[in-house]
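Taking it in order: structure first as structure tokens, then the write-up.
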Number of protein chains: 2
Amino acid sequence: MQRAAGLVRRGRCLQAAGPWSRSQSSVAAEASAVLKVRPERSPRERILTLESMNPQVKAVEYAVRGPIVLKAGEIELELQRGIKKPFTEVIRANIGDAHAMGQQPITFLRQVMALCTYPDLLDSPSFPEDAKKRARRILQACGGNSLGAYSASQGVSCIREDVAAYITRRDGGVPADPDNIYLTTGASDGISTILKILVSGGGKSRTGVMIPIPQYPLYSAVISELDAIQVNYYLDEDNCWALNVNELRRAVREAKNHCDPKVLCIINPGNPTGQVQSRKCIEDVIHFAWEEKLFLMADEVYQDNVYSPDCRFHSFKKVLYEMGPEYSNNVELASFHSTSKGYMGECGYRGGYMEVINLHPEIKGQLVKLLSVRLCPPVSGQAAMDILVKPPVPGEESFQQFSREKESVLGNLAKKAKLTEDLFNQVPGIHCNPLQGAMYAFPRIFIPDKAVEAAQVHKMAPDMFYCMKLLEETGICVVPGSGFGQREGTYHFRMTILPPVEKLKTVLQKVKDFHMKFLEKYA
Amino acid sequence: MQRAAGLVRRGRCLQAAGPWSRSQSSVAAEASAVLKVRPERSPRERILTLESMNPQVKAVEYAVRGPIVLKAGEIELELQRGIKKPFTEVIRANIGDAHAMGQQPITFLRQVMALCTYPDLLDSPSFPEDAKKRARRILQACGGNSLGAYSASQGVSCIREDVAAYITRRDGGVPADPDNIYLTTGASDGISTILKILVSGGGKSRTGVMIPIPQYPLYSAVISELDAIQVNYYLDEDNCWALNVNELRRAVREAKNHCDPKVLCIINPGNPTGQVQSRKCIEDVIHFAWEEKLFLMADEVYQDNVYSPDCRFHSFKKVLYEMGPEYSNNVELASFHSTSKGYMGECGYRGGYMEVINLHPEIKGQLVKLLSVRLCPPVSGQAAMDILVKPPVPGEESFQQFSREKESVLGNLAKKAKLTEDLFNQVPGIHCNPLQGAMYAFPRIFIPDKAVEAAQVHKMAPDMFYCMKLLEETGICVVPGSGFGQREGTYHFRMTILPPVEKLKTVLQKVKDFHMKFLEKYA
């Protein structure tokens, strides 16, 4: 009976198609007709429009891939179509995309990834033994020994252990606990997840999130998505973009009139500003967070990108512990890292991790729950992260080649950082702070009043107008400072230093020539 | 002058460490001490607590990786520690994780992925030419010919073209436009992105999202995150989990009293319920969405997983076009697909795509903007998707092996679907609808009153109590129906059919024995 019923039910699946059904050929014909011929009457009003959509999403801005980049894409298409321009290629200096700029992947990393992807290669003599050993270890920790299985939502356990060991080494013995490590889909994913958990309250008690200005626009975008309150603190351009705690005090004091400042975001080394914070500055910031009961978020994705001989990277975690139990037992900290920057530049794999300190055990449970909704971060990105935190060591077969490749990438970046700073500072009307770290220059540019007026006519911010002209006349794509935030009446742009040295020299020369012409034209 | 100032500024980076600084060795010692010794006084109150956190995130539930899975993890650790149990291993039948259950990756896919990962292999004679050709094509479309470069936020263009060609083939010539294709980080990412854009309004005009009950809990989780209103429509268990449009009418009518129903989510083939919708049913749903001005979201990630000989997969897109211009020009539709299911089961790569139909051009801009904040989906997942939509064709070197592997996976799944249905329906107090598609059984279980009372004592839902006992006594991990939603007073669980045939037989026998004992115990 049961079964019979079951069969009858299944029979329904065979039910003849309804009144609207047609033969496939006529369908194809009509369907394409539908697309080609304008329908008799205009389509009815859409359900999803600018008016009806989520207003927080509508408010989101993300300059790094904004209008200037869309324009760059159009120009590339025009060049492909053979349309003549004063240049032959678009140079995308808008985003920190190392491989796209010709940087070669680290061989060891790709060897391990290839072995994990296609384990038949484990029998191939053309792969070094240490890469095979590494791949076997990763695969043994994956479900069914496959990168194609879901991992735990927090990430593959042995990779979290390797991350913890890396942090302990990096911080001179300050212990790290694998249970405090969460692997993420790039750092952006970790940052937005932590902010998502933190934001609450309504009206004057809505969560305020303190971010540096200039900032990396992921922060303003996520704050807008979450309908949180953005609290700006300004970095000191006259002082090498240093973070001044008095400015933090000013910002938090004013913020308390209209929101509940609960989070302090730090980017060190700075993006887009390239400063590297001194140890003293980090201590002051931690003390401030402790005083003001702020949750600290330390964006440390450029920790391997320090070029200035006078600077060193100090992790917030390490300084926090060195400040003693009163701080290390109390200050809540989340620190973020990524496979996309440093010397590996593996952006496409979307690998990242975060380490959380003093997170309430119940919140850890909430975090895992929230992450589990998206199942897990890309396992290939997790594997890439494993190589970042556990590179070949002396005595291992791949060590020498790895070191050569790493030093070549970082050495070139240091050279290009100095080159960029020096060249920009030779141009009247451009001032560039030292590029102590990260991979960008954020020079201040003088824009004459006439140009500001011209920009107003085009309904553009003056630096957007400047960058658009730069793109149209030279093919160089950089991001206007207004996309990162800057002090009223000052203008900047962000440019990556990733192009190969010779190409970078040409780029800088072109910017210089453009800038001189621009000053002349709008004098 | 300029430069001098610059140098002075840089000098600051050398500034002596502050009052709290210590030697590294003492730091390490102390830091570990900090972790080991209880601090004199208990830590001060945390900033981030269950009380202060984002209440929408707190409200999120995700049963597929909920308490039952945490318990499974604990039991595995106990087994490793040698603690005796009535079983020797935990069988994770809670999640559709094919490779973790021993399914082998599709060779061609992994060959292409390995070639893209480590292009030196393009010279290796041990890879077929068609795989090399495919890899070269993908790499040529990547920045710097590297999977490590960011892609466009919408996804690699040639892969979007391949997706569009796949959809056109699948839908018998109904055209697809690459501009309407967005590559995503698994289907979950696409679904939550579209919902994020759709949700707006306050009070009675807050967006209502219609979802099936039983549902896949991603939907309830994202609705909760977005503070939208969940509008339940019940699938008809007595009718093979069919979707009845009268039930949709009931649901939308009642919803209009307290929210603005704007979105209708469909899962076909069904998860967790495994039904495959008839063409007639899909037409009725589309007509209903058109009448009620609802945005349609079609979760079609199991489109390759149809087993019942009487059923066929019909895409919402195809049926929409076959219904003629009044529908195909007006109904807004987003359809979702994934690399995680089907016959490839590549969950770990987090590959997915969505196709949007009749999306307002301004909204497309908003969508790209929102996606660009996360930069791009994992490029390796995009490459995996390319193989899914562009498998080897007759005449290509890899075609035969590919077909063998594909048919073996799908053939086994069909066998296991029938096996599971038949075995469950032999057990008194268990009734299981036909598994027409997807990869789960969602049997209804009879739970005696005494067991319901026992569950109440343990503050558990009765089916959670049942599944916990099943896990503790047999090591089999399944998800209680209460995690997916079910009609008041009915109880179910979701179990994947992914274990190999012989193992699945054992699992089913163990469930049967457990169930009989359970009925006895609580009679």
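Going through the structure tokens in order, the chains are called A, B, and so on, while each chain numbers its residues from 1 and the ligands are numbered from 1 in the order shown.
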
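When the distance limit is 7 Å and only C-alpha atoms are what count, the residues near region 396-401 of chain B, minus those fewer than 5 positions from it on the same chain, are Phe108, Pro128 and Asp130 of chain B.
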
Quick one: write out the picked residues with N, CA and C atoms as a tab-separated table (two decimals), in the first residue's frame?
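Output file result-v6.tsv is given in full below:
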```
chain	number	residue	atom	x	y	z
B	108	PHE	N	40.00	14.13	-14.76
B	108	PHE	CA	40.22	15.24	-15.70
B	108	PHE	C	40.23	16.58	-14.96
B	128	PRO	N	47.21	14.41	-20.35
B	128	PRO	CA	46.59	14.38	-21.68
B	128	PRO	C	46.53	15.77	-22.31
B	130	ASP	N	44.20	17.26	-24.02
B	130	ASP	CA	42.98	18.07	-23.85
B	130	ASP	C	42.97	18.77	-22.49
```

(request) Among the residues of region 209-408 of chain B, find those DSSP assigns to strand (DSSP E or B) from the backbone and print them as a ChimeraX atom specification. (result) /B:209-213,229-234,236,242,260-267,295-299,306,333-338,351-357

(request) Quick one: everything within 10 Å of Ser124 (chain A), counting only C-alpha atoms, minus sequence neighbours fewer than 4 positions away in the same chain. Send it as a ChimeraX atom specification. (result) /A:115,119-120,128,132 /B:126

(message) Give me, as a PyMOL selection string, all polymer residues having an atom no more than 8 Å from region 44-60 of chain A, counting only C-alpha atoms and skipping those fewer than 4 positions away in the same chain.
(response) (chain A and resi 220-222+224-227) or (chain B and resi 196-201+262+293-295+330+332+359-360+362-363+366+369-370)

File of the preceding selection, C-alpha atoms, as a compact mmCIF listing (two decimals), in the first residue's frame:
```
# COMPACT_ATOMS: atom_id res chain seq x y z
CA SER A 220 33.93 51.62 5.47
CA ALA A 221 32.13 49.18 3.17
CA VAL A 222 31.49 46.59 5.89
CA SER A 224 27.99 50.54 5.92
CA GLU A 225 26.68 47.01 5.18
CA LEU A 226 26.22 46.43 8.92
CA ASP A 227 24.69 49.87 9.49
CA LYS B 196 21.51 40.85 1.22
CA ILE B 197 20.65 43.14 -1.69
CA LEU B 198 16.93 42.31 -1.48
CA VAL B 199 16.23 42.93 2.20
CA SER B 200 14.88 46.35 3.20
CA GLY B 201 12.11 48.18 5.05
CA LYS B 262 9.23 40.01 -1.77
CA LYS B 293 5.42 40.18 -7.79
CA LEU B 294 7.96 37.97 -6.02
CA PHE B 295 11.67 37.78 -6.80
CA ASN B 330 9.23 40.34 -16.38
CA GLU B 332 13.16 38.41 -11.85
CA LEU B 359 17.84 42.10 -13.02
CA HIS B 360 17.58 45.89 -13.27
CA GLU B 362 21.36 49.57 -11.90
CA ILE B 363 21.09 46.58 -9.57
CA GLN B 366 25.19 47.38 -7.23
CA LYS B 369 30.08 46.76 -6.35
CA LEU B 370 29.04 44.56 -3.43
```

(request) Identify, on the basis of only C-alpha atoms, every residue whose closest approach to Lys390 (chain B) does not exceed 9 Å; exclude the query and any residue fewer than 4 positions from it along the same chain; express the result as a ChimeraX atom specification. (result) /B:162-163,165-166,385-386

Which residues of region 404-425 of chain B come within 10 Å of region 497-509 of chain B, and for each one, what is the closest pair of atoms and their distance in Å to one decimal, counting only C-alpha atoms, sorted by chain and residue number, as JSON lines?
```
{"residue": "B:Val409", "atom": "CA", "partner": "B:Leu498", "partner_atom": "CA", "distance": 9.9}
{"residue": "B:Asn412", "atom": "CA", "partner": "B:Val501", "partner_atom": "CA", "distance": 7.5}
{"residue": "B:Leu413", "atom": "CA", "partner": "B:Ile497", "partner_atom": "CA", "distance": 7.2}
{"residue": "B:Ala414", "atom": "CA", "partner": "B:Ile497", "partner_atom": "CA", "distance": 9.5}
{"residue": "B:Lys415", "atom": "CA", "partner": "B:Val501", "partner_atom": "CA", "distance": 8.1}
{"residue": "B:Lys416", "atom": "CA", "partner": "B:Ile497", "partner_atom": "CA", "distance": 6.2}
{"residue": "B:Ala417", "atom": "CA", "partner": "B:Ile497", "partner_atom": "CA", "distance": 6.6}
{"residue": "B:Lys418", "atom": "CA", "partner": "B:Ile497", "partner_atom": "CA", "distance": 9.9}
{"residue": "B:Leu419", "atom": "CA", "partner": "B:Lys505", "partner_atom": "CA", "distance": 8.1}
{"residue": "B:Thr420", "atom": "CA", "partner": "B:Leu508", "partner_atom": "CA", "distance": 7.2}
{"residue": "B:Leu423", "atom": "CA", "partner": "B:Leu508", "partner_atom": "CA", "distance": 7.0}
{"residue": "B:Phe424", "atom": "CA", "partner": "B:Leu508", "partner_atom": "CA", "distance": 7.4}
```

Okay, now the selection with N, CA, C and O atoms, as a PDB file, in the first residue's frame?
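Contents of result-v4.pdb, freshly written:
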```
ATOM      1  N   VAL B 409      29.770   7.318 -10.540  1.00  0.00           N
ATOM      2  CA  VAL B 409      29.297   8.069  -9.371  1.00  0.00           C
ATOM      3  C   VAL B 409      27.777   8.167  -9.376  1.00  0.00           C
ATOM      4  O   VAL B 409      27.112   7.827  -8.396  1.00  0.00           O
ATOM      5  N   ASN B 412      25.947   4.769  -8.888  1.00  0.00           N
ATOM      6  CA  ASN B 412      25.972   4.344  -7.482  1.00  0.00           C
ATOM      7  C   ASN B 412      24.993   5.147  -6.641  1.00  0.00           C
ATOM      8  O   ASN B 412      24.303   4.590  -5.793  1.00  0.00           O
ATOM      9  N   LEU B 413      24.924   6.445  -6.883  1.00  0.00           N
ATOM     10  CA  LEU B 413      24.000   7.279  -6.096  1.00  0.00           C
ATOM     11  C   LEU B 413      22.560   6.826  -6.330  1.00  0.00           C
ATOM     12  O   LEU B 413      21.773   6.713  -5.387  1.00  0.00           O
ATOM     13  N   ALA B 414      22.224   6.528  -7.583  1.00  0.00           N
ATOM     14  CA  ALA B 414      20.857   6.083  -7.893  1.00  0.00           C
ATOM     15  C   ALA B 414      20.562   4.777  -7.143  1.00  0.00           C
ATOM     16  O   ALA B 414      19.507   4.613  -6.526  1.00  0.00           O
ATOM     17  N   LYS B 415      21.549   3.851  -7.185  1.00  0.00           N
ATOM     18  CA  LYS B 415      21.390   2.576  -6.488  1.00  0.00           C
ATOM     19  C   LYS B 415      21.160   2.825  -4.996  1.00  0.00           C
ATOM     20  O   LYS B 415      20.249   2.288  -4.374  1.00  0.00           O
ATOM     21  N   LYS B 416      21.962   3.711  -4.428  1.00  0.00           N
ATOM     22  CA  LYS B 416      21.904   3.951  -2.983  1.00  0.00           C
ATOM     23  C   LYS B 416      20.621   4.675  -2.594  1.00  0.00           C
ATOM     24  O   LYS B 416      20.065   4.451  -1.515  1.00  0.00           O
ATOM     25  N   ALA B 417      20.100   5.508  -3.505  1.00  0.00           N
ATOM     26  CA  ALA B 417      18.841   6.215  -3.231  1.00  0.00           C
ATOM     27  C   ALA B 417      17.713   5.185  -3.073  1.00  0.00           C
ATOM     28  O   ALA B 417      16.946   5.225  -2.111  1.00  0.00           O
ATOM     29  N   LYS B 418      17.662   4.233  -4.015  1.00  0.00           N
ATOM     30  CA  LYS B 418      16.602   3.205  -3.993  1.00  0.00           C
ATOM     31  C   LYS B 418      16.777   2.315  -2.761  1.00  0.00           C
ATOM     32  O   LYS B 418      15.826   2.068  -2.009  1.00  0.00           O
ATOM     33  N   LEU B 419      18.007   1.884  -2.558  1.00  0.00           N
ATOM     34  CA  LEU B 419      18.333   1.024  -1.413  1.00  0.00           C
ATOM     35  C   LEU B 419      17.864   1.658  -0.106  1.00  0.00           C
ATOM     36  O   LEU B 419      17.197   1.029   0.721  1.00  0.00           O
ATOM     37  N   THR B 420      18.179   2.930   0.072  1.00  0.00           N
ATOM     38  CA  THR B 420      17.849   3.635   1.313  1.00  0.00           C
ATOM     39  C   THR B 420      16.342   3.731   1.499  1.00  0.00           C
ATOM     40  O   THR B 420      15.803   3.404   2.554  1.00  0.00           O
ATOM     41  N   LEU B 423      14.924   0.196   2.290  1.00  0.00           N
ATOM     42  CA  LEU B 423      15.266  -0.318   3.624  1.00  0.00           C
ATOM     43  C   LEU B 423      14.522   0.436   4.721  1.00  0.00           C
ATOM     44  O   LEU B 423      13.936  -0.167   5.617  1.00  0.00           O
ATOM     45  N   PHE B 424      14.507   1.752   4.620  1.00  0.00           N
ATOM     46  CA  PHE B 424      13.810   2.535   5.658  1.00  0.00           C
ATOM     47  C   PHE B 424      12.338   2.142   5.728  1.00  0.00           C
ATOM     48  O   PHE B 424      11.764   2.020   6.804  1.00  0.00           O
TER      49      PHE B 424
END
```

(request) Please provide as a PyMOL selection string all residues within 6 Å of region 462-467 of chain B, with the sequence filter that same-chain residues fewer than 2 positions apart are discarded (counting only C-alpha atoms). (result) chain B and resi 452+455+460+469-470+480+491
